[in-house]
file query_18.cif (mmCIF, C-alpha atoms, pLDDT in the B column; chains and numbers go by the auth columns)
data_data
loop_
_atom_site.group_PDB
_atom_site.id
_atom_site.type_symbol
_atom_site.label_atom_id
_atom_site.label_comp_id
_atom_site.label_asym_id
_atom_site.label_seq_id
_atom_site.Cartn_x
_atom_site.Cartn_y
_atom_site.Cartn_z
_atom_site.B_iso_or_equiv
_atom_site.auth_seq_id
_atom_site.auth_asym_id
ATOM 1 C CA MET A 1 -15.873 15.829 -4.323 73.00 561 U
ATOM 2 C CA SER A 2 -12.686 14.414 -5.869 70.00 562 U
ATOM 3 C CA LYS A 3 -11.609 10.806 -6.276 75.00 563 U
ATOM 4 C CA ASN A 4 -9.044 11.288 -3.495 75.00 564 U
ATOM 5 C CA VAL A 5 -10.380 11.203 0.057 79.00 565 U
ATOM 6 C CA PHE A 6 -7.202 12.873 1.354 82.00 566 U
ATOM 7 C CA LYS A 7 -7.700 15.858 -0.944 78.00 567 U
ATOM 8 C CA ASP A 8 -11.323 16.035 0.208 82.00 568 U
ATOM 9 C CA LEU A 9 -10.040 16.130 3.801 82.00 569 U
ATOM 10 C CA GLY A 10 -8.051 19.264 2.999 83.00 570 U
ATOM 11 C CA PHE A 11 -4.574 17.969 2.198 79.00 571 U
ATOM 12 C CA GLU A 12 -2.651 19.754 -0.539 85.00 572 U
ATOM 13 C CA GLU A 13 -2.727 18.038 -3.944 81.00 573 U
ATOM 14 C CA GLU A 14 0.809 16.600 -3.771 84.00 574 U
ATOM 15 C CA GLU A 15 0.493 15.355 -0.185 87.00 575 U
ATOM 16 C CA ALA A 16 -2.939 13.867 -0.925 85.00 576 U
ATOM 17 C CA ALA A 17 -1.476 11.998 -3.903 85.00 577 U
ATOM 18 C CA GLY A 18 1.291 10.514 -1.734 87.00 578 U
ATOM 19 C CA LEU A 19 -1.173 9.488 0.959 90.00 579 U
ATOM 20 C CA LYS A 20 -3.440 7.904 -1.636 89.00 580 U
ATOM 21 C CA LEU A 21 -0.545 5.841 -2.983 90.00 581 U
ATOM 22 C CA ARG A 22 0.559 4.793 0.514 92.00 582 U
ATOM 23 C CA ALA A 23 -3.003 3.811 1.454 92.00 583 U
ATOM 24 C CA TYR A 24 -3.361 1.755 -1.733 93.00 584 U
ATOM 25 C CA LEU A 25 -0.134 -0.128 -1.038 95.00 585 U
ATOM 26 C CA PHE A 26 -1.089 -0.572 2.632 96.00 586 U
ATOM 27 C CA MET A 27 -4.390 -2.201 1.605 95.00 587 U
ATOM 28 C CA ALA A 28 -2.411 -4.522 -0.677 95.00 588 U
ATOM 29 C CA LEU A 29 -0.208 -5.403 2.321 97.00 589 U
ATOM 30 C CA GLN A 30 -3.291 -6.134 4.430 97.00 590 U
ATOM 31 C CA ASP A 31 -4.553 -8.442 1.674 97.00 591 U
ATOM 32 C CA ALA A 32 -1.149 -10.160 1.497 97.00 592 U
ATOM 33 C CA VAL A 33 -1.091 -10.746 5.259 98.00 593 U
ATOM 34 C CA LYS A 34 -4.673 -12.070 5.240 98.00 594 U
ATOM 35 C CA SER A 35 -3.806 -14.365 2.350 97.00 595 U
ATOM 36 C CA SER A 36 -0.778 -15.648 4.255 97.00 596 U
ATOM 37 C CA GLU A 37 -3.016 -16.390 7.251 97.00 597 U
ATOM 38 C CA GLN A 38 -5.524 -18.196 5.033 97.00 598 U
ATOM 39 C CA ASN A 39 -2.630 -20.299 3.723 97.00 599 U
ATOM 40 C CA GLY A 40 -1.867 -21.450 7.265 97.00 600 U
ATOM 41 C CA MET A 41 0.760 -18.989 8.477 97.00 601 U
ATOM 42 C CA THR A 42 0.479 -17.584 11.987 97.00 602 U
ATOM 43 C CA GLN A 43 1.027 -13.902 12.693 97.00 603 U
ATOM 44 C CA LYS A 44 4.339 -14.849 14.309 98.00 604 U
ATOM 45 C CA GLN A 45 5.461 -16.667 11.149 98.00 605 U
ATOM 46 C CA ILE A 46 4.382 -13.727 8.999 98.00 606 U
ATOM 47 C CA ALA A 47 6.330 -11.394 11.298 98.00 607 U
ATOM 48 C CA GLU A 48 9.444 -13.534 10.905 98.00 608 U
ATOM 49 C CA ALA A 49 9.006 -13.523 7.116 98.00 609 U
ATOM 50 C CA ILE A 50 8.862 -9.722 6.958 98.00 610 U
ATOM 51 C CA GLY A 51 11.515 -9.113 9.622 98.00 611 U
ATOM 52 C CA ALA A 52 9.191 -7.609 12.218 98.00 612 U
ATOM 53 C CA ASP A 53 7.486 -8.656 15.430 97.00 613 U
ATOM 54 C CA GLN A 54 3.952 -10.040 15.811 98.00 614 U
ATOM 55 C CA PRO A 55 2.488 -6.748 17.133 98.00 615 U
ATOM 56 C CA LYS A 56 3.468 -5.095 13.807 98.00 616 U
ATOM 57 C CA VAL A 57 1.479 -7.743 11.917 98.00 617 U
ATOM 58 C CA SER A 58 -1.469 -7.083 14.212 98.00 618 U
ATOM 59 C CA LYS A 59 -1.186 -3.344 13.495 98.00 619 U
ATOM 60 C CA ILE A 60 -1.259 -4.061 9.763 98.00 620 U
ATOM 61 C CA LEU A 61 -4.415 -6.141 10.119 98.00 621 U
ATOM 62 C CA CYS A 62 -6.015 -3.485 12.359 97.00 622 U
ATOM 63 C CA GLY A 63 -5.368 -0.801 9.719 96.00 623 U
ATOM 64 C CA LYS A 64 -2.804 1.303 11.612 96.00 624 U
ATOM 65 C CA PHE A 65 -1.903 2.973 8.322 93.00 625 U
ATOM 66 C CA SER A 66 -0.162 5.989 9.865 93.00 626 U
ATOM 67 C CA GLU A 67 2.477 3.812 11.575 95.00 627 U
ATOM 68 C CA PHE A 68 4.003 2.541 8.322 96.00 628 U
ATOM 69 C CA SER A 69 6.020 4.450 5.744 95.00 629 U
ATOM 70 C CA ILE A 70 5.630 3.700 2.064 94.00 630 U
ATOM 71 C CA GLU A 71 9.160 2.269 2.115 96.00 631 U
ATOM 72 C CA ARG A 72 8.264 -0.149 4.929 97.00 632 U
ATOM 73 C CA VAL A 73 5.020 -1.206 3.236 97.00 633 U
ATOM 74 C CA THR A 74 6.801 -1.966 -0.048 96.00 634 U
ATOM 75 C CA GLU A 75 9.567 -3.832 1.801 98.00 635 U
ATOM 76 C CA TYR A 76 7.010 -6.041 3.582 98.00 636 U
ATOM 77 C CA LEU A 77 5.111 -6.729 0.363 97.00 637 U
ATOM 78 C CA GLN A 78 8.310 -7.840 -1.359 97.00 638 U
ATOM 79 C CA LYS A 79 9.275 -10.075 1.566 98.00 639 U
ATOM 80 C CA LEU A 80 5.847 -11.718 1.296 97.00 640 U
ATOM 81 C CA GLY A 81 6.585 -12.476 -2.358 96.00 641 U
ATOM 82 C CA TYR A 82 4.685 -9.686 -4.083 96.00 642 U
ATOM 83 C CA ASP A 83 5.780 -7.670 -7.108 94.00 643 U
ATOM 84 C CA ILE A 84 4.959 -3.973 -7.078 92.00 644 U
ATOM 85 C CA HIS A 85 4.274 -2.426 -10.478 88.00 645 U
ATOM 86 C CA ILE A 86 4.580 1.348 -10.849 86.00 646 U
ATOM 87 C CA CYS A 87 4.208 3.187 -14.127 85.00 647 U
ATOM 88 C CA ALA A 88 4.529 6.921 -14.822 86.00 648 U
ATOM 89 C CA THR A 89 3.200 8.451 -18.030 89.00 649 U
ATOM 90 C CA PRO A 90 2.897 12.067 -19.169 91.00 650 U
ATOM 91 C CA ALA A 91 -0.400 13.730 -18.257 89.00 651 U
ATOM 92 C CA PRO A 92 -2.418 15.528 -20.917 91.00 652 U
ATOM 93 C CA LYS A 93 -1.132 19.098 -21.405 92.00 653 U
ATOM 94 C CA GLU A 94 -4.398 20.601 -20.176 92.00 654 U
ATOM 95 C CA ARG A 95 -3.998 19.297 -16.606 88.00 655 U
ATOM 96 C CA GLN A 96 -1.489 18.617 -13.861 84.00 656 U
ATOM 97 C CA GLY A 97 -0.435 15.008 -13.246 85.00 657 U
ATOM 98 C CA LYS A 98 -2.301 12.869 -10.747 81.00 658 U
ATOM 99 C CA VAL A 99 -2.031 9.485 -9.049 80.00 659 U
ATOM 100 C CA ILE A 100 -4.092 6.824 -10.806 80.00 660 U
ATOM 101 C CA LEU A 101 -4.313 3.441 -9.119 77.00 661 U
ATOM 102 C CA ASP A 102 -5.224 0.261 -10.957 72.00 662 U
ATOM 103 C CA LYS A 103 -5.442 -3.185 -9.347 61.00 663 U
ATOM 104 C CA GLN A 104 -5.037 -4.967 -12.662 52.00 664 U
ATOM 105 C CA LEU A 105 -1.822 -6.931 -12.802 44.00 665 U
ATOM 106 C CA ALA A 106 0.730 -5.720 -15.286 41.00 666 U
ATOM 107 C CA GLN A 107 1.979 -8.340 -17.703 38.00 667 U
ATOM 108 C CA VAL A 108 5.641 -8.952 -17.060 37.00 668 U
#
call {"tool": "encode", "arguments": {"input": "query_18.cif", "output": "structure tokens"}}
result
Amino acid sequence: MSKNVFKDLGFEEEEAAGLKLRAYLFMALQDAVKSSEQNGMTQKQIAEAIGADQPKVSKILCGKFSEFSIERVTEYLQKLGYDIHICATPAPKERQGKVILDKQLAQV
């Protein structure tokens, strides 16, 4: 068993890495929407903030991951006031590169 559920489900390495990244960002978007709700915003207000309609916000909260591209997810996160930190570093020579996700905030 790998550390990537998509690879374990039979996706090719590269596609599994992309899905893993998209899922990670989607979960961050869900957290951002929930936080906005906890701060008093309605789903309609959140929808207006991200330039979508209320049913889209509901789909985010219900985990409809497959309905959102990585571009859309990152756009919504930015509109909700979130920075997205991405870093690429060379992999050790003895292995192919992989997607490594870390929730720690980068120091800007």
call {"tool": "closest_atom_pairs", "arguments": {"input": "query_18.cif", "of": "segment 593-615 of chain U", "to": "segment 629-650 of chain U", "cutoff": "10 Å", "atoms": "all atoms listed in the file", "output": "tab-separated table"}}
result
residue	atom	partner	partner_atom	distance
U:Val593	CA	U:Leu640	CA	8.0
U:Ser596	CA	U:Leu640	CA	8.3
U:Ile606	CA	U:Leu640	CA	8.1
U:Ala607	CA	U:Tyr636	CA	9.4
U:Glu608	CA	U:Lys639	CA	10.0
U:Ala609	CA	U:Lys639	CA	6.5
U:Ile610	CA	U:Tyr636	CA	5.3
U:Gly611	CA	U:Tyr636	CA	8.1
U:Ala612	CA	U:Tyr636	CA	9.0
call {"tool": "closest_residue", "arguments": {"input": "query_18.cif", "among": "U:Val659, U:Leu585, U:Lys616, U:Lys604", "to": "Lys567 of chain U", "atoms": "all atoms listed in the file"}}
result
U:Val659
call {"tool": "axis_aligned_box", "arguments": {"input": "query_18.cif", "around": "segment 624-634 of chain U", "padding_each_side": "8 Å", "output": "lines of an AutoDock Vina configuration file"}}
result
center_x = 3.2
center_y = 2.0
center_z = 5.8
size_x = 28.0
size_y = 24.0
size_z = 27.7
call {"tool": "resolve_selection", "arguments": {"input": "query_18.cif", "expression": "the PyMOL selection byres ((chain U and resi 584) around 12)", "output": "PyMOL selection string"}}
result
chain U and resi 564-565+577-583+585-591+623+625+630+633-634+644+659-663
call {"tool": "closest_residue", "arguments": {"input": "query_18.cif", "among": "U:Leu569, U:Ile620, U:Ala576, U:Ala651", "to": "Ala592 of chain U", "atoms": "only C-alpha atoms"}}
result
U:Ile620
call {"tool": "atom_distance", "arguments": {"input": "query_18.cif", "atom1": "atom CA of Met561 of chain U", "atom2": "atom CA of Phe628 of chain U"}}
result
27.0 Å
call {"tool": "atom_distance", "arguments": {"input": "query_18.cif", "atom1": "atom CA of Val617 of chain U", "atom2": "atom CA of Glu575 of chain U"}}
result
26.1 Å
call {"tool": "atom_distance", "arguments": {"input": "query_18.cif", "atom1": "atom CA of Glu597 of chain U", "atom2": "atom CA of Asp613 of chain U"}}
result
15.4 Å
call {"tool": "decode", "arguments": {"input": "query_18.cif", "residues": "segment 645-657 of chain U", "atoms": "N, CA and C atoms", "output": "PDB file, in the first residue's frame"}}
result
ATOM      1  N   HIS U 645       0.795  27.886  -1.188  1.00  0.00           N
ATOM      2  CA  HIS U 645       2.245  27.755  -1.279  1.00  0.00           C
ATOM      3  C   HIS U 645       2.587  26.439  -1.973  1.00  0.00           C
ATOM      4  N   ILE U 646       3.350  26.524  -3.042  1.00  0.00           N
ATOM      5  CA  ILE U 646       3.793  25.337  -3.775  1.00  0.00           C
ATOM      6  C   ILE U 646       5.299  25.421  -3.925  1.00  0.00           C
ATOM      7  N   CYS U 647       5.966  24.319  -3.666  1.00  0.00           N
ATOM      8  CA  CYS U 647       7.422  24.293  -3.736  1.00  0.00           C
ATOM      9  C   CYS U 647       7.846  23.015  -4.472  1.00  0.00           C
ATOM     10  N   ALA U 648       8.735  23.134  -5.413  1.00  0.00           N
ATOM     11  CA  ALA U 648       9.265  21.965  -6.125  1.00  0.00           C
ATOM     12  C   ALA U 648      10.765  21.879  -5.866  1.00  0.00           C
ATOM     13  N   THR U 649      11.217  20.697  -5.473  1.00  0.00           N
ATOM     14  CA  THR U 649      12.636  20.474  -5.219  1.00  0.00           C
ATOM     15  C   THR U 649      13.080  19.196  -5.922  1.00  0.00           C
ATOM     16  N   PRO U 650      14.327  19.090  -6.293  1.00  0.00           N
ATOM     17  CA  PRO U 650      14.799  17.874  -6.958  1.00  0.00           C
ATOM     18  C   PRO U 650      14.654  16.654  -6.038  1.00  0.00           C
ATOM     19  N   ALA U 651      14.210  15.552  -6.625  1.00  0.00           N
ATOM     20  CA  ALA U 651      14.112  14.289  -5.886  1.00  0.00           C
ATOM     21  C   ALA U 651      15.498  13.654  -5.819  1.00  0.00           C
ATOM     22  N   PRO U 652      15.703  12.788  -4.829  1.00  0.00           N
ATOM     23  CA  PRO U 652      16.976  12.050  -4.807  1.00  0.00           C
ATOM     24  C   PRO U 652      17.151  11.277  -6.118  1.00  0.00           C
ATOM     25  N   LYS U 653      18.395  11.107  -6.560  1.00  0.00           N
ATOM     26  CA  LYS U 653      18.671  10.467  -7.849  1.00  0.00           C
ATOM     27  C   LYS U 653      18.174   9.031  -7.926  1.00  0.00           C
ATOM     28  N   GLU U 654      18.024   8.380  -6.777  1.00  0.00           N
ATOM     29  CA  GLU U 654      17.639   6.967  -6.788  1.00  0.00           C
ATOM     30  C   GLU U 654      16.141   6.734  -6.966  1.00  0.00           C
ATOM     31  N   ARG U 655      15.325   7.809  -7.063  1.00  0.00           N
ATOM     32  CA  ARG U 655      13.902   7.604  -7.270  1.00  0.00           C
ATOM     33  C   ARG U 655      13.308   8.705  -8.124  1.00  0.00           C
ATOM     34  N   GLN U 656      12.126   8.403  -8.670  1.00  0.00           N
ATOM     35  CA  GLN U 656      11.353   9.369  -9.433  1.00  0.00           C
ATOM     36  C   GLN U 656      10.747  10.388  -8.463  1.00  0.00           C
ATOM     37  N   GLY U 657      10.411  11.560  -8.932  1.00  0.00           N
ATOM     38  CA  GLY U 657       9.765  12.562  -8.091  1.00  0.00           C
ATOM     39  C   GLY U 657       8.383  12.110  -7.656  1.00  0.00           C
TER      40      GLY U 657
END
